[in-house]
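**Student:** Sharing final37.txt below, compact mmCIF, C-alpha atoms and all ligand atoms:
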```txt
# COMPACT_ATOMS: atom_id res chain seq x y z
CA MET A 1 -4.99 10.20 -43.01
CA ALA A 2 -5.30 6.45 -42.61
CA LYS A 3 -8.51 4.91 -41.36
CA LEU A 4 -8.34 1.97 -38.99
CA THR A 5 -11.33 -0.30 -38.45
CA PHE A 6 -11.44 -2.72 -35.53
CA ARG A 7 -13.55 -5.87 -35.42
CA GLU A 8 -13.58 -5.31 -31.74
CA GLU A 9 -15.60 -8.39 -30.85
CA LEU A 10 -12.69 -10.58 -32.06
CA CYS A 11 -9.98 -8.80 -30.03
CA LYS A 12 -8.47 -10.82 -27.19
CA GLY A 13 -6.43 -7.97 -25.73
CA CYS A 14 -3.10 -9.69 -26.36
CA GLY A 15 -1.30 -6.40 -27.03
CA LEU A 16 0.76 -7.61 -30.00
CA CYS A 17 -0.50 -4.74 -32.12
CA VAL A 18 0.21 -2.27 -29.33
CA ASN A 19 3.87 -3.27 -29.33
CA ALA A 20 4.04 -3.32 -33.13
CA CYS A 21 3.01 0.29 -33.71
CA PRO A 22 6.12 2.42 -34.31
CA LYS A 23 4.12 5.55 -33.52
CA HIS A 24 2.77 4.23 -30.21
CA LEU A 25 -0.81 4.99 -31.17
CA LEU A 26 -2.46 1.83 -29.86
CA SER A 27 -3.42 0.83 -26.34
CA LEU A 28 -5.79 -1.54 -24.60
CA SER A 29 -8.91 0.08 -23.21
CA ASN A 30 -8.94 0.94 -19.53
CA THR A 31 -12.67 1.51 -19.50
CA ARG A 32 -14.36 -1.03 -21.76
CA LEU A 33 -14.62 -4.78 -22.26
CA ASN A 34 -15.74 -6.48 -25.47
CA GLN A 35 -18.24 -9.31 -25.78
CA LYS A 36 -15.55 -11.85 -24.86
CA GLY A 37 -14.63 -9.95 -21.70
CA TYR A 38 -11.29 -8.62 -22.96
CA SER A 39 -10.03 -5.04 -23.00
CA PRO A 40 -10.13 -4.15 -26.70
CA VAL A 41 -7.50 -2.19 -28.54
CA GLU A 42 -8.05 1.51 -29.17
CA GLN A 43 -6.24 4.06 -31.34
CA SER A 44 -5.26 7.55 -30.24
CA ASP A 45 -4.08 10.46 -32.39
CA PRO A 46 -5.30 8.95 -35.68
CA GLU A 47 -3.80 11.87 -37.61
CA LYS A 48 -0.34 10.49 -36.72
CA CYS A 49 -1.04 7.08 -38.27
CA THR A 50 1.17 6.38 -41.29
CA ALA A 51 -0.92 3.43 -42.55
CA CYS A 52 2.11 1.17 -42.26
CA ALA A 53 -0.26 -1.67 -41.28
CA PHE A 54 2.28 -3.25 -38.92
CA CYS A 55 -0.56 -3.53 -36.40
CA ALA A 56 -2.87 -5.33 -38.80
CA THR A 57 -0.08 -7.66 -39.95
CA MET A 58 0.79 -8.56 -36.39
CA CYS A 59 -2.75 -9.33 -35.21
CA PRO A 60 -3.34 -13.09 -35.20
CA ASP A 61 -7.10 -12.61 -35.24
CA CYS A 62 -7.44 -10.19 -38.17
CA VAL A 63 -9.10 -7.58 -35.97
CA ILE A 64 -7.57 -4.54 -37.68
CA THR A 65 -8.17 -3.22 -41.19
CA VAL A 66 -6.08 -0.30 -42.45
CA GLU A 67 -7.31 1.90 -45.27
CA LYS A 68 -5.35 4.79 -46.78
S1 LIG A 101 -1.05 1.48 -39.31
FE1 LIG A 101 1.04 1.67 -38.43
S2 LIG A 101 1.08 3.73 -37.53
FE2 LIG A 101 -1.07 3.23 -37.88
S3 LIG A 101 -1.78 2.37 -35.93
FE3 LIG A 101 -1.12 0.63 -37.22
S4 LIG A 101 1.05 0.26 -36.69
FE4 LIG A 101 0.47 2.31 -35.89
S1 LIG A 102 -6.24 -6.25 -32.16
FE1 LIG A 102 -5.29 -8.28 -32.39
S2 LIG A 102 -3.12 -8.02 -31.85
FE2 LIG A 102 -4.27 -6.24 -31.06
S3 LIG A 102 -4.79 -6.76 -28.94
FE3 LIG A 102 -6.53 -7.36 -30.23
S4 LIG A 102 -6.16 -9.52 -30.75
FE4 LIG A 102 -4.22 -8.69 -29.99
```
Would you kindly transcribe this structure into structure tokens?
Ligand code: SF4
Ligand code: SF4

**Tutor:**
Amino acid sequence: MAKLTFREELCKGCGLCVNACPKHLLSLSNTRLNQKGYSPVEQSDPEKCTACAFCATMCPDCVITVEK
């Protein structure tokens, strides 16, 4: 199973990674804000992640790290 790490404090809630995930595993938080006041990205169903890293590639702020 892949392991995703989020540098959450850098996330600006733009949603580019959400749209990039072919498995639809990413969403913006409905309940939390980060230090910048944005809804940070969250991952659901991590066991379904294929480690394709499309999300990390898409993020303009290098928030996401994908490890296999
Ligand atoms: S690595 Fe791929 S499957 Fe996993 S969350 Fe990112 S885009 Fe989705
Ligand atoms: S992780 Fe990156 S691409 Fe995803 S919402 Fe945050 S800033 Fe945007």

**Student:** Taking all atoms listed in the file into account, report as a ChimeraX atom specification which residues have an atom no farther than 12 Å from an atom of ligand LIG 102 (chain A).

**Tutor:** /A:4-21,25-29,33-34,36,38-43,53-66

**Student:** Quick one: pull the distance between atom CA of Thr31 of chain A and atom CA of Cys52 of chain A, Å, one decimal.

**Tutor:**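 Here the two named atoms are 27.1 Å from each other.
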
**Student:** Hey, which of A:Cys49, A:Gln35, A:Lys68, A:Ala2 ends up closest to ligand LIG 101 (chain A)? Count all atoms listed in the file.

**Tutor:** A:Cys49

**Student:** Once 4 Å is added on each side, what are the centre and the three edge lengths, in Å to one decimal, of the axis-aligned box enclosing the listed atoms of segment 30-34 of chain A? Present them as AutoDock Vina command-line options.

**Tutor:**
```
--center_x -12.3 --center_y -2.5 --center_z -22.5 --size_x 14.8 --size_y 16.0 --size_z 14.0
```

**Student:** What gap, in Å, lies between atom FE2 of ligand LIG 101 (chain A) and atom CA of Asn30 of chain A?

**Tutor:**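 For atom FE2 of ligand LIG 101 (chain A) relative to atom CA of Asn30 of chain A, the distance reads 20.1 Å.
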
**Student:** So, with all atoms listed in the file as the atoms that count, which of A:Arg32, A:Ser44, A:Lys23, A:Met1 lies closest to ligand LIG 101 (chain A)?

**Tutor:** A:Lys23
